[in-house]
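A.B. asks: Structure: run.pdb, PDB, C-alpha atoms and all ligand atoms.
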ATOM      1  CA  MET A1016     -12.444-138.820 -12.355
ATOM      2  CA  SER A1017     -11.254-136.037 -10.052
ATOM      3  CA  LYS A1018     -13.910-133.578  -8.831
ATOM      4  CA  LEU A1019     -11.217-131.167  -7.782
ATOM      5  CA  SER A1020     -11.571-127.660  -9.106
ATOM      6  CA  VAL A1021      -9.439-124.579  -8.733
ATOM      7  CA  ASN A1022     -10.881-121.086  -8.352
ATOM      8  CA  PRO A1023      -8.220-118.375  -8.539
ATOM      9  CA  GLN A1024      -8.925-115.597  -6.029
ATOM     10  CA  PRO A1025      -8.632-111.926  -6.876
ATOM     11  CA  GLY A1026      -5.226-110.697  -5.682
ATOM     12  CA  ALA A1027      -3.531-113.834  -4.395
ATOM     13  CA  GLY A1028      -4.103-117.565  -4.132
ATOM     14  CA  ALA A1029      -6.690-120.067  -5.313
ATOM     15  CA  GLU A1030      -9.508-121.924  -3.609
ATOM     16  CA  VAL A1031      -9.497-125.659  -4.191
ATOM     17  CA  THR A1032     -12.876-127.383  -3.979
ATOM     18  CA  GLY A1033     -14.179-130.906  -4.449
ATOM     19  CA  VAL A1034     -11.719-132.656  -2.137
ATOM     20  CA  LYS A1035     -11.722-133.999   1.381
ATOM     21  CA  LEU A1036      -8.200-133.655   2.699
ATOM     22  CA  ASN A1037      -8.519-136.694   4.953
ATOM     23  CA  GLN A1038      -9.464-138.918   1.989
ATOM     24  CA  LEU A1039      -7.091-137.692  -0.697
ATOM     25  CA  SER A1040      -6.087-139.942  -3.552
ATOM     26  CA  ASP A1041      -2.501-139.719  -4.790
ATOM     27  CA  THR A1042      -3.786-138.154  -8.025
ATOM     28  CA  ASP A1043      -5.670-135.441  -6.142
ATOM     29  CA  PHE A1044      -2.617-134.808  -3.990
ATOM     30  CA  GLN A1045      -0.400-134.370  -7.054
ATOM     31  CA  GLU A1046      -2.906-131.947  -8.550
ATOM     32  CA  ILE A1047      -2.968-129.948  -5.309
ATOM     33  CA  GLN A1048       0.836-129.881  -5.323
ATOM     34  CA  SER A1049       0.906-128.260  -8.740
ATOM     35  CA  VAL A1050      -1.786-125.710  -7.806
ATOM     36  CA  PHE A1051       0.226-124.873  -4.684
ATOM     37  CA  ALA A1052       3.417-124.427  -6.732
ATOM     38  CA  GLU A1053       1.637-122.131  -9.175
ATOM     39  CA  TYR A1054      -0.260-119.909  -6.714
ATOM     40  CA  GLY A1055       1.848-120.167  -3.547
ATOM     41  CA  LEU A1056      -1.383-120.011  -1.553
ATOM     42  CA  ILE A1057      -4.384-122.349  -1.468
ATOM     43  CA  PHE A1058      -7.613-122.310   0.485
ATOM     44  CA  PHE A1059      -9.993-125.128   1.393
ATOM     45  CA  ARG A1060     -13.449-124.957   2.942
ATOM     46  CA  ASP A1061     -15.642-127.297   4.994
ATOM     47  CA  GLN A1062     -12.909-129.757   5.917
ATOM     48  CA  GLU A1063     -13.525-132.033   8.863
ATOM     49  CA  LEU A1064      -9.995-132.786   9.982
ATOM     50  CA  THR A1065      -9.044-134.205  13.342
ATOM     51  CA  GLU A1066      -5.678-133.158  14.721
ATOM     52  CA  ALA A1067      -4.266-136.486  13.485
ATOM     53  CA  ASP A1068      -5.690-135.817   9.971
ATOM     54  CA  HIS A1069      -4.111-132.374   9.981
ATOM     55  CA  VAL A1070      -0.710-133.870  10.893
ATOM     56  CA  ALA A1071      -1.099-136.641   8.283
ATOM     57  CA  PHE A1072      -1.945-134.131   5.511
ATOM     58  CA  ALA A1073       1.048-131.968   6.491
ATOM     59  CA  ARG A1074       3.423-134.962   6.441
ATOM     60  CA  ARG A1075       2.609-135.533   2.782
ATOM     61  CA  TRP A1076       4.414-132.256   2.027
ATOM     62  CA  GLY A1077       7.637-132.887   3.921
ATOM     63  CA  ASN A1078       9.131-132.844   7.409
ATOM     64  CA  ILE A1079       7.198-130.948  10.018
ATOM     65  CA  ASN A1080       8.983-128.022  11.582
ATOM     66  CA  ILE A1081       8.304-127.888  15.343
ATOM     67  CA  ASN A1082       7.895-124.268  16.357
ATOM     68  CA  ARG A1083      10.744-123.040  18.576
ATOM     69  CA  PHE A1084       8.865-120.157  20.170
ATOM     70  CA  PHE A1085       5.109-120.772  20.359
ATOM     71  CA  ALA A1086       3.250-123.251  22.555
ATOM     72  CA  ALA A1087       2.135-126.496  20.954
ATOM     73  CA  HIS A1088      -1.032-128.588  21.212
ATOM     74  CA  LYS A1089      -0.735-130.740  24.330
ATOM     75  CA  ASP A1090      -1.123-134.031  22.445
ATOM     76  CA  TYR A1091       0.331-133.024  19.069
ATOM     77  CA  PRO A1092       3.703-131.255  19.320
ATOM     78  CA  GLU A1093       3.592-130.783  15.519
ATOM     79  CA  ILE A1094       0.669-128.337  15.918
ATOM     80  CA  ALA A1095       1.582-124.817  17.022
ATOM     81  CA  LEU A1096      -1.265-122.938  18.685
ATOM     82  CA  VAL A1097      -2.038-119.524  17.261
ATOM     83  CA  THR A1098      -4.483-118.296  19.857
ATOM     84  CA  LYS A1099      -5.844-114.981  20.990
ATOM     85  CA  GLU A1100      -7.865-115.144  24.219
ATOM     86  CA  ALA A1101     -10.991-113.041  24.772
ATOM     87  CA  GLY A1102      -9.169-110.819  27.250
ATOM     88  CA  GLN A1103      -6.033-110.405  25.209
ATOM     89  CA  ALA A1104      -5.160-107.225  23.302
ATOM     90  CA  GLU A1105      -2.362-108.391  20.997
ATOM     91  CA  ASN A1106      -2.627-111.161  18.437
ATOM     92  CA  ILE A1107       0.044-113.285  16.803
ATOM     93  CA  GLY A1108       1.105-112.238  13.317
ATOM     94  CA  GLY A1109      -0.891-109.009  13.230
ATOM     95  CA  ASP A1110       1.358-107.280  10.729
ATOM     96  CA  TRP A1111       2.618-108.082   7.223
ATOM     97  CA  HIS A1112       5.323-110.746   7.376
ATOM     98  CA  THR A1113       6.531-114.056   6.102
ATOM     99  CA  ASP A1114       7.543-116.731   8.599
ATOM    100  CA  HIS A1115      11.014-118.137   9.131
ATOM    101  CA  SER A1116      13.044-115.823   6.882
ATOM    102  CA  TYR A1117      15.393-115.742   9.917
ATOM    103  CA  ASP A1118      16.370-119.345   9.183
ATOM    104  CA  HIS A1119      19.098-120.434   6.769
ATOM    105  CA  GLU A1120      16.587-122.831   5.239
ATOM    106  CA  PRO A1121      13.268-120.970   5.629
ATOM    107  CA  ALA A1122      10.223-123.152   6.166
ATOM    108  CA  LEU A1123       8.236-123.980   3.017
ATOM    109  CA  GLY A1124       4.977-122.769   4.510
ATOM    110  CA  SER A1125       2.175-123.414   6.964
ATOM    111  CA  ILE A1126      -1.174-125.161   6.950
ATOM    112  CA  LEU A1127      -3.471-123.086   9.170
ATOM    113  CA  LEU A1128      -6.796-124.537  10.276
ATOM    114  CA  ALA A1129      -9.573-122.702  12.128
ATOM    115  CA  ARG A1130     -10.663-124.298  15.451
ATOM    116  CA  ASP A1131     -12.421-121.526  17.356
ATOM    117  CA  LEU A1132     -13.530-118.337  15.625
ATOM    118  CA  PRO A1133     -14.978-115.011  16.778
ATOM    119  CA  PRO A1134     -18.508-114.269  15.468
ATOM    120  CA  SER A1135     -16.968-111.888  12.943
ATOM    121  CA  GLY A1136     -13.550-110.486  12.095
ATOM    122  CA  GLY A1137     -10.190-112.209  12.484
ATOM    123  CA  ASP A1138      -9.701-112.499   8.724
ATOM    124  CA  THR A1139      -6.234-113.152   7.354
ATOM    125  CA  TRP A1140      -4.779-111.052   4.549
ATOM    126  CA  PHE A1141      -2.331-112.485   2.039
ATOM    127  CA  VAL A1142      -0.226-110.861  -0.622
ATOM    128  CA  SER A1143       1.567-112.437  -3.580
ATOM    129  CA  MET A1144       5.305-111.798  -3.660
ATOM    130  CA  TYR A1145       5.366-112.931  -7.287
ATOM    131  CA  LYS A1146       3.098-110.002  -8.145
ATOM    132  CA  ALA A1147       5.003-107.678  -5.805
ATOM    133  CA  PHE A1148       8.122-108.308  -7.910
ATOM    134  CA  GLU A1149       6.438-108.449 -11.324
ATOM    135  CA  GLN A1150       4.972-104.933 -11.066
ATOM    136  CA  LEU A1151       8.339-103.214 -10.520
ATOM    137  CA  SER A1152      10.185-101.448 -13.343
ATOM    138  CA  ASP A1153      12.907-103.314 -15.249
ATOM    139  CA  GLY A1154      15.503-100.991 -13.730
ATOM    140  CA  MET A1155      14.388-101.726 -10.186
ATOM    141  CA  LYS A1156      14.137-105.461 -10.894
ATOM    142  CA  ASN A1157      17.748-105.507 -12.145
ATOM    143  CA  THR A1158      18.990-103.613  -9.097
ATOM    144  CA  LEU A1159      17.187-105.985  -6.736
ATOM    145  CA  ARG A1160      18.452-109.099  -8.543
ATOM    146  CA  GLY A1161      21.985-108.091  -7.540
ATOM    147  CA  LEU A1162      21.193-107.722  -3.829
ATOM    148  CA  ARG A1163      21.110-109.982  -0.806
ATOM    149  CA  ALA A1164      19.620-109.144   2.594
ATOM    150  CA  VAL A1165      20.334-110.066   6.202
ATOM    151  CA  HIS A1166      17.423-111.439   8.258
ATOM    152  CA  SER A1167      17.111-112.042  11.994
ATOM    153  CA  ALA A1168      14.768-113.357  14.700
ATOM    154  CA  LYS A1169      16.620-111.734  17.590
ATOM    155  CA  HIS A1170      14.694-108.437  17.720
ATOM    156  CA  VAL A1171      11.370-110.322  17.657
ATOM    157  CA  PHE A1172      11.878-113.497  19.700
ATOM    158  CA  GLY A1173      15.095-112.665  21.626
ATOM    159  CA  ALA A1174      15.570-111.987  25.342
ATOM    160  CA  GLN A1175      14.262-108.552  26.339
ATOM    161  CA  GLN A1176      12.979-108.004  22.784
ATOM    162  CA  GLY A1177       9.618-107.857  20.945
ATOM    163  CA  TYR A1178       7.468-110.687  22.236
ATOM    164  CA  GLU A1179       9.291-111.062  25.577
ATOM    165  CA  LEU A1180       8.835-107.386  26.430
ATOM    166  CA  ALA A1181       5.130-107.718  25.617
ATOM    167  CA  GLY A1182       4.790-110.422  28.354
ATOM    168  CA  ASP A1183       3.106-113.809  28.172
ATOM    169  CA  GLU A1184       0.058-113.570  30.424
ATOM    170  CA  PHE A1185      -1.705-116.406  28.590
ATOM    171  CA  GLY A1186       1.225-118.860  28.378
ATOM    172  CA  GLN A1187       1.396-118.853  24.591
ATOM    173  CA  ARG A1188       5.163-119.093  24.287
ATOM    174  CA  ILE A1189       7.693-121.594  25.526
ATOM    175  CA  GLY A1190      10.238-119.222  27.065
ATOM    176  CA  ASN A1191      12.849-119.971  24.456
ATOM    177  CA  ALA A1192      14.135-116.426  23.924
ATOM    178  CA  PRO A1193      17.786-117.256  24.828
ATOM    179  CA  ALA A1194      17.833-119.745  21.909
ATOM    180  CA  THR A1195      17.984-116.798  19.517
ATOM    181  CA  GLU A1196      21.487-115.994  20.835
ATOM    182  CA  GLU A1197      22.742-119.161  19.141
ATOM    183  CA  MET A1198      21.117-118.261  15.822
ATOM    184  CA  ILE A1199      23.406-116.865  13.128
ATOM    185  CA  ASN A1200      21.605-114.324  10.967
ATOM    186  CA  PRO A1201      21.142-115.697   7.439
ATOM    187  CA  VAL A1202      21.681-113.772   4.208
ATOM    188  CA  HIS A1203      19.125-114.511   1.464
ATOM    189  CA  PRO A1204      18.829-113.254  -2.119
ATOM    190  CA  VAL A1205      16.409-110.338  -2.389
ATOM    191  CA  VAL A1206      14.921-111.890  -5.526
ATOM    192  CA  ILE A1207      14.661-115.658  -5.282
ATOM    193  CA  LYS A1208      14.034-118.273  -7.900
ATOM    194  CA  HIS A1209      11.102-119.971  -6.243
ATOM    195  CA  PRO A1210      12.081-123.561  -5.429
ATOM    196  CA  LEU A1211       8.756-125.026  -6.625
ATOM    197  CA  SER A1212       7.602-122.772  -9.456
ATOM    198  CA  GLY A1213      10.937-121.412 -10.740
ATOM    199  CA  LYS A1214       9.303-117.934 -10.822
ATOM    200  CA  GLU A1215      10.959-114.816  -9.435
ATOM    201  CA  ALA A1216       9.652-113.615  -6.063
ATOM    202  CA  LEU A1217      10.601-110.667  -3.897
ATOM    203  CA  TYR A1218      12.032-112.017  -0.645
ATOM    204  CA  VAL A1219      12.243-109.316   2.036
ATOM    205  CA  ASN A1220       9.747-108.560   4.810
ATOM    206  CA  SER A1221       9.348-105.881   7.437
ATOM    207  CA  ALA A1222       9.271-108.289  10.408
ATOM    208  CA  PHE A1223      12.615-110.034   9.955
ATOM    209  CA  THR A1224      14.714-108.312   7.241
ATOM    210  CA  LEU A1225      17.385-106.101   8.830
ATOM    211  CA  HIS A1226      19.260-104.579   5.882
ATOM    212  CA  PHE A1227      20.810-105.268   2.487
ATOM    213  CA  GLU A1228      24.177-106.972   2.615
ATOM    214  CA  GLY A1229      26.925-104.320   2.458
ATOM    215  CA  TRP A1230      24.442-101.476   3.081
ATOM    216  CA  THR A1231      23.797 -99.721   6.397
ATOM    217  CA  PRO A1232      20.354-100.129   8.018
ATOM    218  CA  GLU A1233      19.693 -96.448   7.289
ATOM    219  CA  GLU A1234      20.566 -96.786   3.607
ATOM    220  CA  SER A1235      18.537 -99.994   3.365
ATOM    221  CA  ALA A1236      15.476 -98.517   5.083
ATOM    222  CA  VAL A1237      14.699 -96.153   2.202
ATOM    223  CA  LEU A1238      14.503 -98.887  -0.437
ATOM    224  CA  LEU A1239      12.932-101.453   1.899
ATOM    225  CA  GLU A1240      10.148 -99.047   2.868
ATOM    226  CA  PHE A1241       9.435 -98.416  -0.803
ATOM    227  CA  LEU A1242       9.242-102.172  -1.491
ATOM    228  CA  TYR A1243       7.026-102.820   1.539
ATOM    229  CA  LYS A1244       4.594-100.135   0.410
ATOM    230  CA  GLU A1245       4.508-101.303  -3.213
ATOM    231  CA  ALA A1246       4.111-104.972  -2.239
ATOM    232  CA  VAL A1247       0.753-104.457  -0.568
ATOM    233  CA  ARG A1248      -1.019-102.820  -3.470
ATOM    234  CA  GLU A1249      -4.664-103.758  -3.507
ATOM    235  CA  ASP A1250      -4.415-105.864  -6.650
ATOM    236  CA  HIS A1251      -1.892-108.238  -4.993
ATOM    237  CA  ILE A1252      -3.958-108.905  -1.896
ATOM    238  CA  SER A1253      -6.615-111.373  -0.917
ATOM    239  CA  ARG A1254      -8.627-111.420   2.287
ATOM    240  CA  PHE A1255      -9.564-114.815   3.665
ATOM    241  CA  LYS A1256     -12.723-114.925   5.761
ATOM    242  CA  TRP A1257     -12.542-117.923   8.061
ATOM    243  CA  ARG A1258     -15.417-120.311   8.673
ATOM    244  CA  PRO A1259     -15.390-123.510  10.724
ATOM    245  CA  GLY A1260     -13.477-126.092   8.670
ATOM    246  CA  SER A1261     -11.541-123.510   6.647
ATOM    247  CA  ILE A1262      -7.869-124.029   5.867
ATOM    248  CA  ALA A1263      -5.267-121.702   4.374
ATOM    249  CA  PHE A1264      -1.971-123.164   3.189
ATOM    250  CA  TRP A1265       0.602-120.539   2.260
ATOM    251  CA  ASP A1266       4.090-120.718   0.848
ATOM    252  CA  ASN A1267       6.439-118.486   2.830
ATOM    253  CA  ARG A1268       8.628-117.950  -0.234
ATOM    254  CA  ALA A1269       5.768-116.635  -2.405
ATOM    255  CA  THR A1270       3.494-114.724  -0.010
ATOM    256  CA  TRP A1271       3.248-112.529   3.074
ATOM    257  CA  HIS A1272       0.344-112.740   5.510
ATOM    258  CA  ASN A1273      -1.229-110.508   8.142
ATOM    259  CA  ALA A1274      -3.775-111.596  10.775
ATOM    260  CA  GLN A1275      -6.401-108.918  11.377
ATOM    261  CA  ASN A1276      -6.913-108.072  15.047
ATOM    262  CA  ASP A1277     -10.478-106.710  15.060
ATOM    263  CA  TYR A1278     -12.485-108.944  17.413
ATOM    264  CA  PRO A1279     -11.982-107.560  20.952
ATOM    265  CA  GLY A1280     -13.656-109.646  23.656
ATOM    266  CA  TYR A1281     -13.712-112.859  21.591
ATOM    267  CA  ARG A1282     -11.461-115.879  21.432
ATOM    268  CA  ARG A1283      -9.798-117.165  18.257
ATOM    269  CA  GLU A1284      -7.814-120.410  18.091
ATOM    270  CA  MET A1285      -6.009-121.624  15.011
ATOM    271  CA  HIS A1286      -3.878-124.738  14.574
ATOM    272  CA  ARG A1287      -0.763-124.262  12.494
ATOM    273  CA  ILE A1288       1.566-126.889  11.076
ATOM    274  CA  THR A1289       4.725-125.715   9.360
ATOM    275  CA  ILE A1290       6.658-127.714   6.783
ATOM    276  CA  ASP A1291      10.450-127.596   6.446
ATOM    277  CA  GLY A1292      11.876-125.772   3.430
ATOM    278  CA  CYS A1293      15.277-125.374   1.785
ATOM    279  CA  ALA A1294      18.039-122.849   1.163
ATOM    280  CA  LEU A1295      16.950-120.177  -1.321
ATOM    281  CA  ALA A1296      18.743-119.496  -4.597
ATOM    282  CA  ALA A1297      18.988-116.163  -6.378
ATOM    283  CA  SER A1298      16.928-115.754  -9.535
ATOM    284  CA  THR A1299      19.967-115.074 -11.713
TER     285      THR A1299
HETATM  286  C1  LIG B1301       0.272-116.276  11.585
HETATM  287  O1  LIG B1301       0.624-117.441  11.408
HETATM  288  O2  LIG B1301       1.009-115.321  11.386
HETATM  289  C2  LIG B1301      -1.147-116.009  12.056
HETATM  290  C3  LIG B1301      -2.142-116.101  10.955
HETATM  291  C4  LIG B1301      -3.533-116.005  11.498
HETATM  292  O3  LIG B1301      -3.747-116.213  12.686
HETATM  293  O4  LIG B1301      -4.461-115.757  10.717
END
Can the structure in the file be given as structure tokens, please?
C.D. replies:
Amino acid sequence: MSKLSVNPQPGAGAEVTGVKLNQLSDTDFQEIQSVFAEYGLIFFRDQELTEADHVAFARRWGNININRFFAAHKDYPEIALVTKEAGQAENIGGDWHTDHSYDHEPALGSILLARDLPPSGGDTWFVSMYKAFEQLSDGMKNTLRGLRAVHSAKHVFGAQQGYELAGDEFGQRIGNAPATEEMINPVHPVVIKHPLSGKEALYVNSAFTLHFEGWTPEESAVLLEFLYKEAVREDHISRFKWRPGSIAFWDNRATWHNAQNDYPGYRREMHRITIDGCALAAST
């Protein structure tokens, strides 16, 4: 009989206990799949995964998406390194966002595993985009259901933009900024029918959403700012405190995340594997 148990977290996500991810039976895996579909965010503790175990667990979920911008593990190209060195000021992902909304088929999500942690701090915040949508008024929900939004990576990863202007003193990127020139900005529904759960989720984010289709950036900014503020209400948020062996697996279509940068003078290294996703359909 399965020893797996599911402990919903206040705000967002659920912790799954009673499993070792490198010894998963097919039944346990199927159970984890349905918990993931329901919550869009699952946490595990005390896992002892090698890099090969991490890759093998990720492969059970689909094709691995090799990161186009961040440096990879030297022996495992599937593992993107999310590192902040002791002498570094900026971290990766230190603001609310969801990954890959700049792709036509946004990645399903990422499996993030702690490898080297500061003595304290460096927590990751998550917010549920199911709840962010649910709490809105019926009038606002109906307006949003009729909208689509344009997303882009160019202002973040492009030449002479965001990350490139910040420099790369610690060699954490692969100098791929010109690749963004080839990328055609996708248009996604603002309210998606989640591909796994079928639930409605709000799908805009302040890192990569440019504007609503057919609206100017200025017109869009007013409504987007409102949505960004409402999305991060305290009752939609969970704060994950990392320990050695901790794993967070989030669904990019159902959550945002934000890596807290509050451990100056200490190193933090996380291993991230991202799984391919699919095109997103509107909820109606
Ligand atoms: C990220 O993938 O955005 C970083 C998350 C983290 O380092 O906690």
A.B. asks: What do you get as an NGL selection string if you pick all residues at most 10 Å from ligand LIG 1301 (chain B), counting all atoms listed in the file?
C.D. replies: :A and (1095-1099 or 1106-1114 or 1124-1129 or 1137-1141 or 1255-1257 or 1263 or 1265 or 1271-1276 or 1283-1289)
A.B. asks: Between A:Ala1194, A:Val1050, A:Val1031, A:Val1142, which one has atoms that come closest to Asn1220 in chain A, using only C-alpha atoms?
C.D. replies: A:Val1142
A.B. asks: Which one of A:Ala1246, A:Val1206, A:Leu1064, A:Ala1294 sits closest to Asn1157 in chain A if you count only C-alpha atoms?
C.D. replies: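 Among the listed residues, the smallest separation from Asn1157 in chain A belongs to A:Val1206.
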A.B. asks: Which of these residues is nearest to Leu1151 in chain A, using all atoms listed in the file: A:Leu1242, A:Ala1086, A:Ala1104, A:Ala1071?
C.D. replies: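 Counting all atoms listed in the file, the residue closest to Leu1151 in chain A is A:Leu1242.
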A.B. asks: Would you mind reading off the distance between CA of Gln1038 in chain A and CA of Arg1268 in chain A, one decimal, in Å?
C.D. replies: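 So the answer is 27.8 Å.
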A.B. asks: List as a VMD selection string the protein and nucleic acid residues near Ala1236 in chain A, meaning an atom at most 12 Å away when all atoms listed in the file are counted, but skip any in the same chain fewer than 2 places from it.
C.D. replies: chain A and resid 1164 1219 to 1221 1224 to 1227 1230 to 1234 1238 to 1244
A.B. asks: Would you list the residues near (9.0, -121.4, 1.5) (no more than 6 Å away, in the coordinates of the file, using only C-alpha atoms) as a VMD selection string?
C.D. replies: chain A and resid 1121 to 1124 1266 to 1268 1292
A.B. asks: Find, counting only C-alpha atoms, the residue in A:Pro1025, A:Pro1134, A:Gly1102, A:Pro1201 that gets nearest to Pro1259 in chain A.
C.D. replies: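 Distance minimum relative to Pro1259 in chain A lands on A:Pro1134.
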A.B. asks: Restricting the calculation to all atoms listed in the file: of A:Ser1049, A:Lys1146, A:Ile1094, A:Ser1261, which residue gets closest to Leu1211 in chain A?
C.D. replies: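 Distance minimum relative to Leu1211 in chain A lands on A:Ser1049.
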